[in-house]
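> Next comes model_29.txt, compact mmCIF, C-alpha atoms:
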# COMPACT_ATOMS: atom_id res chain seq x y z
CA MET A 1 25.29 120.81 106.02
CA ALA A 2 26.25 124.18 107.46
CA ALA A 3 27.80 122.53 110.51
CA ALA A 4 29.77 120.20 108.26
CA CYS A 5 30.91 123.26 106.33
CA GLU A 6 32.21 124.95 109.47
CA LYS A 7 34.45 121.97 110.16
CA LEU A 8 35.88 122.07 106.65
CA LEU A 9 38.22 124.96 107.34
CA GLN A 10 39.71 123.08 110.26
CA LEU A 11 40.53 120.20 107.91
CA SER A 12 42.15 122.54 105.41
CA THR A 13 45.69 121.42 104.53
CA LYS A 14 46.52 124.26 102.18
CA ILE A 15 45.41 127.43 100.44
CA VAL A 16 46.20 127.60 96.71
CA ALA A 17 45.74 131.02 95.21
CA VAL A 18 45.37 131.96 91.55
CA GLY A 19 47.04 135.21 90.59
CA ARG A 20 46.05 137.50 87.72
CA ASN A 21 42.72 135.83 87.06
CA TYR A 22 40.89 139.07 86.20
CA ALA A 23 42.24 140.87 83.11
CA ALA A 24 41.60 144.35 84.50
CA HIS A 25 43.46 143.51 87.74
CA ALA A 26 46.46 142.17 85.84
CA LYS A 27 46.47 145.42 83.87
CA GLU A 28 46.19 147.71 86.92
CA LEU A 29 49.40 146.20 88.32
CA GLY A 30 51.16 146.34 84.97
CA ASN A 31 51.22 142.59 84.55
CA ALA A 32 50.67 140.53 81.44
CA VAL A 33 47.59 138.32 81.28
CA PRO A 34 48.88 134.79 81.81
CA LYS A 35 48.58 131.82 79.41
CA GLU A 36 48.03 129.50 82.34
CA PRO A 37 47.06 130.19 85.94
CA VAL A 38 49.69 131.72 88.19
CA LEU A 39 49.61 129.62 91.37
CA PHE A 40 50.97 130.42 94.80
CA LEU A 41 50.48 129.08 98.32
CA LYS A 42 49.33 130.79 101.49
CA PRO A 43 49.78 128.81 104.72
CA THR A 44 46.76 127.79 106.79
CA SER A 45 48.31 129.78 109.66
CA SER A 46 47.20 132.88 107.73
CA TYR A 47 43.46 132.21 108.09
CA LEU A 48 41.50 134.89 109.99
CA PRO A 49 37.82 134.12 110.71
CA ASN A 50 35.15 136.82 110.22
CA GLY A 51 35.27 139.58 112.79
CA GLY A 52 39.00 139.21 113.40
CA THR A 53 41.76 141.80 113.25
CA ILE A 54 44.08 142.01 110.27
CA GLN A 55 47.64 142.67 111.44
CA ILE A 56 49.96 144.85 109.42
CA PRO A 57 53.55 143.65 110.08
CA HIS A 58 55.40 146.08 112.36
CA ASN A 59 57.79 147.16 109.62
CA GLU A 60 55.13 147.78 106.95
CA GLY A 61 53.05 150.93 106.50
CA SER A 62 50.04 149.30 104.91
CA LEU A 63 48.70 146.15 103.31
CA HIS A 64 46.77 145.78 100.07
CA HIS A 65 43.30 144.24 100.13
CA GLU A 66 42.27 141.77 97.40
CA VAL A 67 38.70 140.47 97.59
CA GLU A 68 38.26 136.96 96.17
CA LEU A 69 35.80 134.12 95.73
CA ALA A 70 37.14 131.09 97.61
CA VAL A 71 36.26 127.56 96.52
CA VAL A 72 36.33 124.85 99.20
CA ILE A 73 37.19 121.30 98.15
CA ALA A 74 34.90 118.43 99.14
CA LYS A 75 37.12 115.39 98.69
CA LYS A 76 40.52 114.23 97.49
CA ALA A 77 41.11 115.48 93.95
CA ARG A 78 43.95 114.41 91.66
CA ASP A 79 44.00 114.74 87.85
CA VAL A 80 40.36 115.74 87.86
CA PRO A 81 38.84 116.32 84.39
CA GLN A 82 37.05 119.63 83.92
CA SER A 83 33.81 117.80 83.16
CA SER A 84 33.56 116.44 86.70
CA ALA A 85 35.44 119.16 88.56
CA MET A 86 32.33 120.69 90.15
CA HIS A 87 31.68 117.41 91.99
CA TYR A 88 34.77 118.20 94.03
CA VAL A 89 33.37 121.48 95.35
CA ALA A 90 31.94 121.49 98.88
CA GLY A 91 31.14 125.16 99.03
CA TYR A 92 32.31 128.73 98.69
CA ALA A 93 33.48 131.59 100.86
CA LEU A 94 34.49 135.21 100.63
CA ALA A 95 38.18 135.72 101.31
CA LEU A 96 40.74 138.49 101.21
CA ASP A 97 44.21 137.81 99.85
CA MET A 98 45.98 140.41 102.02
CA THR A 99 49.28 141.36 100.42
CA ALA A 100 52.32 143.35 101.50
CA ARG A 101 52.59 144.96 98.06
CA ASP A 102 56.06 146.42 98.49
CA LEU A 103 57.47 143.09 99.69
CA GLN A 104 55.85 141.47 96.65
CA ALA A 105 57.38 144.06 94.30
CA THR A 106 60.82 143.50 95.81
CA ALA A 107 60.41 139.73 95.52
CA LYS A 108 59.29 139.96 91.91
CA SER A 109 62.22 142.08 90.77
CA ALA A 110 64.63 139.75 92.57
CA GLY A 111 62.93 136.58 91.28
CA LEU A 112 62.22 135.51 94.85
CA PRO A 113 59.19 133.72 96.31
CA TRP A 114 56.02 135.58 97.27
CA THR A 115 55.77 133.91 100.65
CA LEU A 116 56.71 136.89 102.81
CA ALA A 117 54.36 139.17 100.88
CA LYS A 118 51.39 136.80 100.96
CA GLY A 119 51.79 134.35 103.83
CA GLN A 120 52.00 136.19 107.14
CA ASP A 121 49.50 135.58 109.96
CA THR A 122 46.01 137.12 109.35
CA PHE A 123 46.72 137.50 105.62
CA THR A 124 43.75 135.28 104.65
CA PRO A 125 40.62 136.72 106.26
CA ILE A 126 37.73 134.43 105.32
CA SER A 127 33.96 134.22 105.80
CA SER A 128 32.04 131.19 106.96
CA ILE A 129 31.60 128.61 104.21
CA LEU A 130 28.48 128.63 102.05
CA PRO A 131 27.35 125.11 101.08
CA LYS A 132 27.40 124.55 97.32
CA ASN A 133 23.63 124.29 97.01
CA LEU A 134 23.28 127.92 98.18
CA VAL A 135 25.38 129.10 95.25
CA PRO A 136 23.78 127.80 92.04
CA ASN A 137 25.89 129.97 89.73
CA PRO A 138 29.41 130.75 90.95
CA ASP A 139 30.19 132.33 87.56
CA ASP A 140 27.83 135.24 88.19
CA LEU A 141 28.58 136.53 91.66
CA GLU A 142 29.22 140.13 92.59
CA LEU A 143 32.20 140.65 94.92
CA TRP A 144 32.57 143.95 96.73
CA LEU A 145 34.93 145.52 99.26
CA LYS A 146 34.82 148.79 101.20
CA VAL A 147 37.39 150.49 103.38
CA ASP A 148 35.73 152.72 106.01
CA GLU A 149 32.46 152.68 104.03
CA GLU A 150 34.16 153.74 100.80
CA ILE A 151 33.79 151.28 97.94
CA ARG A 152 37.19 150.13 96.66
CA GLN A 153 36.52 146.95 94.72
CA LYS A 154 33.40 145.79 92.92
CA GLY A 155 33.52 143.09 90.31
CA SER A 156 31.89 139.98 88.98
CA THR A 157 33.15 136.43 88.82
CA LYS A 158 31.90 136.60 85.21
CA ASP A 159 35.23 138.31 84.52
CA MET A 160 37.42 135.45 85.74
CA ILE A 161 39.82 134.46 82.96
CA PHE A 162 40.14 130.86 84.12
CA LYS A 163 36.84 129.42 85.34
CA ILE A 164 36.40 127.19 88.37
CA PRO A 165 36.30 123.79 86.61
CA PHE A 166 39.52 124.61 84.73
CA ILE A 167 41.20 125.86 87.89
CA ILE A 168 40.32 122.73 89.87
CA SER A 169 41.43 120.50 87.00
CA HIS A 170 44.68 122.41 86.53
CA ILE A 171 45.67 122.57 90.20
CA SER A 172 44.81 118.89 90.73
CA SER A 173 47.11 117.98 87.82
CA VAL A 174 49.98 119.63 89.69
CA MET A 175 49.17 118.68 93.29
CA THR A 176 46.57 116.59 95.10
CA LEU A 177 43.80 118.62 96.71
CA PHE A 178 42.18 117.39 99.93
CA GLU A 179 38.86 117.92 101.71
CA GLY A 180 38.83 121.40 103.17
CA ASP A 181 41.56 122.78 100.91
CA VAL A 182 40.75 126.28 99.73
CA ILE A 183 41.34 127.79 96.30
CA LEU A 184 41.38 131.59 96.04
CA THR A 185 40.21 132.41 92.52
CA GLY A 186 41.65 135.87 91.95
CA THR A 187 40.62 139.48 92.52
CA PRO A 188 38.85 142.11 90.39
CA PRO A 189 40.46 145.54 89.92
CA GLY A 190 40.52 148.20 92.62
CA VAL A 191 43.17 146.76 94.94
CA GLY A 192 44.77 149.33 97.20
CA PRO A 193 46.22 150.04 100.64
CA VAL A 194 44.51 149.79 103.99
CA LYS A 195 46.09 151.27 107.12
CA GLU A 196 45.86 150.70 110.85
CA GLY A 197 42.64 151.97 112.37
CA GLN A 198 40.61 151.35 109.22
CA THR A 199 37.81 148.82 108.80
CA ILE A 200 37.26 146.54 105.84
CA THR A 201 33.78 145.29 104.96
CA ALA A 202 33.30 143.00 102.01
CA GLY A 203 30.99 140.39 100.61
CA ILE A 204 29.33 138.39 97.92
CA THR A 205 26.18 140.37 97.15
CA GLY A 206 23.11 138.60 98.48
CA LEU A 207 25.07 135.80 100.10
CA VAL A 208 27.62 136.78 102.73
CA ASP A 209 29.22 139.79 104.38
CA VAL A 210 32.38 140.10 106.42
CA GLN A 211 34.03 142.75 108.53
CA PHE A 212 37.62 143.07 109.72
CA ASN A 213 39.51 145.72 111.68
CA VAL A 214 43.04 146.60 110.74
CA GLU A 215 45.80 147.09 113.33
CA LYS A 216 49.56 147.28 113.34
CA ARG A 217 51.54 144.51 115.03
CA LYS A 218 53.84 145.70 117.74
CA LYS A 219 57.48 144.76 117.26
CA PRO A 220 58.09 141.76 119.52
CA SER A 221 60.15 142.82 122.55
CA SER A 222 62.47 139.81 122.56
CA SER A 223 64.68 138.55 119.76
CA MET B 1 59.13 108.95 121.62
CA ALA B 2 59.74 107.38 118.21
CA ALA B 3 56.05 106.51 117.87
CA ALA B 4 55.10 110.06 118.80
CA CYS B 5 57.55 111.25 116.17
CA GLU B 6 55.92 109.16 113.48
CA LYS B 7 52.62 110.86 114.13
CA LEU B 8 54.17 114.31 113.85
CA LEU B 9 54.28 114.29 110.08
CA GLN B 10 50.57 113.56 109.95
CA LEU B 11 49.95 116.67 112.06
CA SER B 12 52.12 118.80 109.80
CA THR B 13 50.24 121.88 108.56
CA LYS B 14 52.99 123.28 106.38
CA ILE B 15 56.53 122.97 105.06
CA VAL B 16 58.59 126.16 105.19
CA ALA B 17 61.80 125.98 103.20
CA VAL B 18 64.85 128.21 103.46
CA GLY B 19 66.55 128.94 100.17
CA ARG B 20 70.22 129.82 99.65
CA ASN B 21 71.30 128.83 103.13
CA TYR B 22 74.68 127.43 102.04
CA ALA B 23 77.03 129.98 100.45
CA ALA B 24 78.53 127.52 97.98
CA HIS B 25 75.04 126.46 96.79
CA ALA B 26 73.97 130.05 96.26
CA LYS B 27 77.12 130.54 94.22
CA GLU B 28 76.67 127.40 92.08
CA LEU B 29 73.28 128.72 90.90
CA GLY B 30 74.63 132.22 90.33
CA ASN B 31 72.65 133.70 93.19
CA ALA B 32 73.68 136.34 95.70
CA VAL B 33 74.00 135.29 99.32
CA PRO B 34 70.94 136.73 101.06
CA LYS B 35 70.85 139.21 103.94
CA GLU B 36 67.90 137.42 105.45
CA PRO B 37 66.52 133.95 104.84
CA VAL B 38 64.68 133.36 101.57
CA LEU B 39 61.46 131.59 102.57
CA PHE B 40 59.08 129.57 100.43
CA LEU B 41 56.31 127.05 101.04
CA LYS B 42 55.89 123.48 99.86
CA PRO B 43 52.44 121.93 100.42
CA THR B 44 52.05 118.91 102.67
CA SER B 45 50.62 117.08 99.64
CA SER B 46 54.23 116.94 98.40
CA TYR B 47 55.48 114.64 101.20
CA LEU B 48 56.83 111.26 100.06
CA PRO B 49 57.76 108.76 102.82
CA ASN B 50 61.00 106.75 102.60
CA GLY B 51 60.94 104.06 99.93
CA GLY B 52 58.49 105.92 97.73
CA THR B 53 58.72 106.89 94.08
CA ILE B 54 59.57 110.42 93.04
CA GLN B 55 57.46 111.44 90.06
CA ILE B 56 58.86 113.68 87.37
CA PRO B 57 55.95 115.68 85.84
CA HIS B 58 55.01 114.32 82.42
CA ASN B 59 56.19 117.46 80.63
CA GLU B 60 59.58 117.69 82.40
CA GLY B 61 62.77 115.86 81.46
CA SER B 62 64.30 115.75 84.90
CA LEU B 63 64.13 117.11 88.42
CA HIS B 64 66.92 118.51 90.55
CA HIS B 65 67.71 116.88 93.90
CA GLU B 66 68.48 119.05 96.94
CA VAL B 67 69.38 117.18 100.14
CA GLU B 68 68.43 119.06 103.30
CA LEU B 69 68.24 118.78 107.08
CA ALA B 70 64.61 119.08 108.13
CA VAL B 71 63.65 120.45 111.54
CA VAL B 72 60.32 119.31 112.98
CA ILE B 73 58.45 121.66 115.30
CA ALA B 74 57.27 120.43 118.70
CA LYS B 75 54.65 123.00 119.66
CA LYS B 76 53.03 126.27 118.63
CA ALA B 77 55.72 128.89 118.00
CA ARG B 78 55.11 132.59 117.47
CA ASP B 79 57.70 135.38 117.92
CA VAL B 80 60.10 132.91 119.51
CA PRO B 81 63.39 134.43 120.72
CA GLN B 82 66.56 132.72 119.47
CA SER B 83 67.58 131.92 123.05
CA SER B 84 64.64 129.54 123.50
CA ALA B 85 64.13 128.45 119.91
CA MET B 86 65.58 124.96 120.42
CA ASP B 87 62.82 124.23 122.96
CA TYR B 88 60.44 124.25 120.00
CA VAL B 89 62.24 121.45 118.17
CA ALA B 90 60.72 117.96 118.34
CA GLY B 91 63.20 116.26 116.06
CA TYR B 92 64.94 116.14 112.73
CA ALA B 93 64.66 114.35 109.42
CA LEU B 94 66.45 114.02 106.11
CA ALA B 95 64.47 115.54 103.27
CA LEU B 96 64.90 116.30 99.60
CA ASP B 97 63.62 119.57 98.18
CA MET B 98 62.92 118.21 94.69
CA THR B 99 62.83 121.07 92.20
CA ALA B 100 61.81 121.46 88.57
CA ARG B 101 64.80 123.70 87.86
CA ASP B 102 63.66 125.01 84.49
CA LEU B 103 60.24 125.93 85.85
CA GLN B 104 62.02 127.74 88.68
CA ALA B 105 64.27 129.61 86.26
CA THR B 106 61.25 130.69 84.19
CA ALA B 107 59.42 131.80 87.34
CA LYS B 108 62.41 133.77 88.59
CA SER B 109 62.91 135.71 85.37
CA ALA B 110 59.19 136.50 85.23
CA GLY B 111 58.99 137.42 88.92
CA LEU B 112 56.45 134.65 89.47
CA PRO B 113 55.98 132.31 92.45
CA TRP B 114 58.06 129.16 92.86
CA THR B 115 55.06 126.98 93.60
CA LEU B 116 54.97 125.01 90.34
CA ALA B 117 58.72 124.39 90.53
CA LYS B 118 58.75 123.28 94.17
CA GLY B 119 55.27 122.13 95.17
CA GLN B 120 54.17 119.21 93.00
CA ASP B 121 53.27 115.80 94.47
CA THR B 122 56.30 113.74 95.66
CA PHE B 123 58.54 116.83 95.67
CA THR B 124 59.32 116.46 99.41
CA PRO B 125 60.71 112.97 99.99
CA ILE B 126 61.41 112.65 103.72
CA SER B 127 62.86 110.14 106.17
CA SER B 128 61.29 109.04 109.41
CA ILE B 129 61.72 111.61 112.16
CA LEU B 130 64.66 111.39 114.57
CA PRO B 131 63.77 112.50 118.09
CA LYS B 132 65.78 115.51 119.23
CA ASN B 133 67.72 113.57 121.87
CA LEU B 134 69.27 111.38 119.15
CA VAL B 135 70.79 114.48 117.52
CA PRO B 136 72.86 116.32 120.13
CA ASN B 137 74.55 118.63 117.64
CA PRO B 138 72.48 119.59 114.59
CA ASP B 139 75.17 122.11 113.60
CA ASP B 140 77.69 119.35 112.79
CA LEU B 141 75.86 116.82 110.66
CA GLU B 142 77.10 115.41 107.37
CA LEU B 143 74.43 115.29 104.65
CA TRP B 144 75.04 113.14 101.58
CA LEU B 145 73.19 112.17 98.40
CA LYS B 146 73.95 109.67 95.65
CA VAL B 147 72.28 109.05 92.32
CA ASP B 148 72.75 105.43 91.17
CA GLU B 149 75.60 104.98 93.65
CA GLU B 150 77.45 108.09 92.44
CA ILE B 151 78.00 110.75 95.07
CA ARG B 152 76.44 114.06 94.03
CA GLN B 153 76.12 116.08 97.22
CA LYS B 154 78.11 115.95 100.43
CA GLY B 155 78.12 118.76 102.89
CA SER B 156 77.95 119.75 106.52
CA THR B 157 75.31 121.68 108.40
CA LYS B 158 78.32 123.59 109.78
CA ASP B 159 78.11 125.56 106.52
CA MET B 160 74.56 126.79 107.04
CA ILE B 161 74.53 130.59 106.81
CA PHE B 162 71.51 131.01 109.08
CA LYS B 163 71.55 128.58 112.00
CA ILE B 164 68.52 126.73 113.34
CA PRO B 165 67.67 129.02 116.30
CA PHE B 166 67.75 132.08 114.03
CA ILE B 167 65.64 130.33 111.40
CA ILE B 168 62.99 129.28 113.90
CA SER B 169 62.93 132.75 115.44
CA HIS B 170 62.73 134.45 112.04
CA ILE B 171 60.02 132.24 110.57
CA SER B 172 57.94 132.45 113.76
CA SER B 173 58.08 136.26 113.56
CA VAL B 174 56.43 136.05 110.14
CA MET B 175 54.00 133.17 110.64
CA THR B 176 52.92 130.92 113.49
CA LEU B 177 54.48 127.46 113.41
CA PHE B 178 52.53 124.46 114.71
CA GLU B 179 53.37 121.03 116.07
CA GLY B 180 54.52 118.84 113.19
CA ASP B 181 55.40 121.73 110.88
CA VAL B 182 58.61 121.09 109.01
CA ILE B 183 61.39 123.55 108.19
CA LEU B 184 63.78 122.62 105.37
CA THR B 185 67.07 124.30 106.20
CA GLY B 186 68.78 124.55 102.82
CA THR B 187 71.05 122.42 100.66
CA PRO B 188 74.83 122.17 100.24
CA PRO B 189 76.36 122.43 96.75
CA GLY B 190 76.19 119.64 94.17
CA VAL B 191 72.53 119.93 93.12
CA GLY B 192 71.83 118.40 89.73
CA PRO B 193 69.34 116.47 87.62
CA VAL B 194 67.94 113.04 88.20
CA LYS B 195 66.04 111.18 85.47
CA GLU B 196 63.46 108.43 85.31
CA GLY B 197 64.84 105.01 86.10
CA GLN B 198 67.49 106.33 88.47
CA THR B 199 67.66 105.76 92.22
CA ILE B 200 68.45 108.33 94.88
CA THR B 201 70.01 107.30 98.17
CA ALA B 202 70.78 109.92 100.78
CA GLY B 203 71.26 110.39 104.48
CA ILE B 204 72.62 112.02 107.56
CA THR B 205 75.85 110.13 108.22
CA GLY B 206 75.51 107.86 111.23
CA LEU B 207 71.85 108.66 111.75
CA VAL B 208 69.47 107.89 108.90
CA ASP B 209 69.40 106.69 105.29
CA VAL B 210 66.72 106.95 102.65
CA GLN B 211 66.12 105.55 99.20
CA PHE B 212 63.76 106.71 96.46
CA ASN B 213 63.15 105.54 92.90
CA VAL B 214 62.50 108.08 90.18
CA GLU B 215 59.78 107.62 87.54
CA LYS B 216 58.00 109.78 85.02
CA ARG B 217 54.32 110.55 85.50
CA LYS B 218 52.15 109.49 82.60
CA LYS B 219 50.09 112.30 81.10
CA PRO B 220 46.58 111.90 82.51
CA SER B 221 44.26 110.51 79.80
CA SER B 222 41.29 112.77 80.57
CA SER B 223 41.22 116.56 80.64
Kindly transcribe the structure held in the file into structure tokens.


Amino acid sequence: MAAACEKLLQLSTKIVAVGRNYAAHAKELGNAVPKEPVLFLKPTSSYLPNGGTIQIPHNEGSLHHEVELAVVIAKKARDVPQSSAMHYVAGYALALDMTARDLQATAKSAGLPWTLAKGQDTFTPISSILPKNLVPNPDDLELWLKVDEEIRQKGSTKDMIFKIPFIISHISSVMTLFEGDVILTGTPPGVGPVKEGQTITAGITGLVDVQFNVEKRKKPSSS
Amino acid sequence: MAAACEKLLQLSTKIVAVGRNYAAHAKELGNAVPKEPVLFLKPTSSYLPNGGTIQIPHNEGSLHHEVELAVVIAKKARDVPQSSAMDYVAGYALALDMTARDLQATAKSAGLPWTLAKGQDTFTPISSILPKNLVPNPDDLELWLKVDEEIRQKGSTKDMIFKIPFIISHISSVMTLFEGDVILTGTPPGVGPVKEGQTITAGITGLVDVQFNVEKRKKPSSS
């Protein structure tokens, strides 16, 4: 089952992220709590397996970390009712929705897409996948994140505004989900900058840990 | 070569679209002409092969058509210089960037992502892929679109603000492109609504034609 799980990420056709799914996180960024999930895409080119190096774009000073519970889809899902949504879950992972916060702020005030702020290479660090049977209650998981041993985020999936069955049902009513697709379910409060030379550790308490170094990309020599 | 091209779309890991790449189209929607390309993602679940049915979401009255030249990537591209960018092109296609315009307007004024407006199933109708050697000059192609035999859009890729080598170079500096990835290069003016029961025909003059019916999705019975 674990081996099958490892292959799932290679099958992944998309990453669908839910914004503002923790009330206290919406508040800390001065955002209203949404009536329905805020959805955005991150490309699969942004995946970074555990142990990898997060790359700050050469023209950015820092990136913001956002620790999230990731849900991995088991099979094709379209117009899935909430009552059977959990059947479509293959497993879970711990992921970071790395964000160039200033690019996001600029995009928001101009009404532009979030792609540049959210979708660059290494912007979706992710743990190995935990099979569903190892996670009996995804609604009561503690997520934590440290930068250089200093706790920055600590929250519980209890505080998710939209729960997993609703999220799967909602997303599948908008677009078909496929085996291996990953849903990022939002981040608790405590987001903040990380700079080159720092180390991020994070995890789901009792289940999985990850570690990533942070570097700055060099400006490519040719253009 | 044509058979290899057909397989490319199945390999596709993402669709990267360039917004506001024709000055007259930016103007018709009251948008400023950008200093650098506006990038957004459409999921591969939104592809609709030629002859398929475009589905208007059950709670929308219409969708807007946007006829575009699609560029299909041949091989992994990262930090590609403009001078060699064309080596990374496998071929071209005719695509429509179907858009729920009111959802996009709401998203823009709220500073939210464009995903709901751009990324639903069937929102990327696309022709078969033309191998690169059949398209000697991608900078001088006529794109056209009709709704029920009435011409709505007609433009030339001559009017693209950012040309293909720059686009490939720019996108690859932000995220790695892979074989089969598709870049939508923007739409000429004349975008407008299409309703259920109507038929869209479109093409690249002298190269490829497509046809799509338009229906309304029924609201799913279960929730």

> Identify, on the basis of only C-alpha atoms, every residue whose closest approach to Ser128 (chain A) does not exceed 12 Å; exclude the query and any residue fewer than 6 positions from it along the same chain; express the result as number ranges by chain.

A: 2-10, 47-51, 70-72, 91-95, 203-204, 207-211

> Next, write the just-selected residues to a file, as a short mmCIF file (atom, residue, chain, number, x, y, z; two decimals), in the frame of the given file, keeping C-alpha atoms as the atom set.


data_model
loop_
_atom_site.label_atom_id
_atom_site.label_comp_id
_atom_site.auth_asym_id
_atom_site.auth_seq_id
_atom_site.Cartn_x
_atom_site.Cartn_y
_atom_site.Cartn_z
CA ALA A 2 26.25 124.18 107.46
CA ALA A 3 27.80 122.53 110.51
CA ALA A 4 29.77 120.20 108.26
CA CYS A 5 30.91 123.26 106.33
CA GLU A 6 32.21 124.95 109.47
CA LYS A 7 34.45 121.97 110.16
CA LEU A 8 35.88 122.07 106.65
CA LEU A 9 38.22 124.96 107.34
CA GLN A 10 39.71 123.08 110.26
CA TYR A 47 43.46 132.21 108.09
CA LEU A 48 41.50 134.89 109.99
CA PRO A 49 37.82 134.12 110.71
CA ASN A 50 35.15 136.82 110.22
CA GLY A 51 35.27 139.58 112.79
CA ALA A 70 37.14 131.09 97.61
CA VAL A 71 36.26 127.56 96.52
CA VAL A 72 36.33 124.85 99.20
CA GLY A 91 31.14 125.16 99.03
CA TYR A 92 32.31 128.73 98.69
CA ALA A 93 33.48 131.59 100.86
CA LEU A 94 34.49 135.21 100.63
CA ALA A 95 38.18 135.72 101.31
CA GLY A 203 30.99 140.39 100.61
CA ILE A 204 29.33 138.39 97.92
CA LEU A 207 25.07 135.80 100.10
CA VAL A 208 27.62 136.78 102.73
CA ASP A 209 29.22 139.79 104.38
CA VAL A 210 32.38 140.10 106.42
CA GLN A 211 34.03 142.75 108.53
#

> With all atoms listed in the file counted and 8 Å as the cut-off, give the residues of region 58-172 of chain A in contact with region 37-45 of chain B, each with its shortest interatomic distance in Å and the pair that gives it, as a Markdown table.


| residue | atom | partner | partner_atom | distance |
| --- | --- | --- | --- | --- |
| A:Leu112 | CA | B:Val38 | CA | 7.5 |
| A:Pro113 | CA | B:Phe40 | CA | 5.8 |
| A:Trp114 | CA | B:Phe40 | CA | 7.4 |
| A:Thr115 | CA | B:Phe40 | CA | 5.5 |
| A:Leu116 | CA | B:Leu39 | CA | 7.1 |

> Can you measure CA of Tyr22 (chain B) to CA of Ala100 (chain B) for me? One decimal in Å is fine.

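Going from CA of Tyr22 (chain B) over to CA of Ala100 (chain B), I get 19.6 Å.
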
> Skipping near chain neighbours, those fewer than 4 positions away, what residues fall within 10 Å of Val147 (chain A) using all atoms listed in the file, listed as a PyMOL selection string?

chain A and resi 65+151-153+192-195+198-202+211-213

> Output C-alpha atoms for every residue in that selection, as an mmCIF file, in the frame of the given file.


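File again_25.cif, as written:
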data_model
loop_
_atom_site.group_PDB
_atom_site.id
_atom_site.type_symbol
_atom_site.label_atom_id
_atom_site.label_comp_id
_atom_site.auth_asym_id
_atom_site.auth_seq_id
_atom_site.Cartn_x
_atom_site.Cartn_y
_atom_site.Cartn_z
ATOM 1 C CA HIS A 65 43.300 144.240 100.130
ATOM 2 C CA ILE A 151 33.790 151.280 97.940
ATOM 3 C CA ARG A 152 37.190 150.130 96.660
ATOM 4 C CA GLN A 153 36.520 146.950 94.720
ATOM 5 C CA GLY A 192 44.770 149.330 97.200
ATOM 6 C CA PRO A 193 46.220 150.040 100.640
ATOM 7 C CA VAL A 194 44.510 149.790 103.990
ATOM 8 C CA LYS A 195 46.090 151.270 107.120
ATOM 9 C CA GLN A 198 40.610 151.350 109.220
ATOM 10 C CA THR A 199 37.810 148.820 108.800
ATOM 11 C CA ILE A 200 37.260 146.540 105.840
ATOM 12 C CA THR A 201 33.780 145.290 104.960
ATOM 13 C CA ALA A 202 33.300 143.000 102.010
ATOM 14 C CA GLN A 211 34.030 142.750 108.530
ATOM 15 C CA PHE A 212 37.620 143.070 109.720
ATOM 16 C CA ASN A 213 39.510 145.720 111.680
#

> Can you pull out every residue within 8 Å of Ala107 (chain B), counting only C-alpha atoms, but drop anything in the same chain fewer than 6 positions away, and send it as a PyMOL selection string?

(chain A and resi 111) or (chain B and resi 113-114)
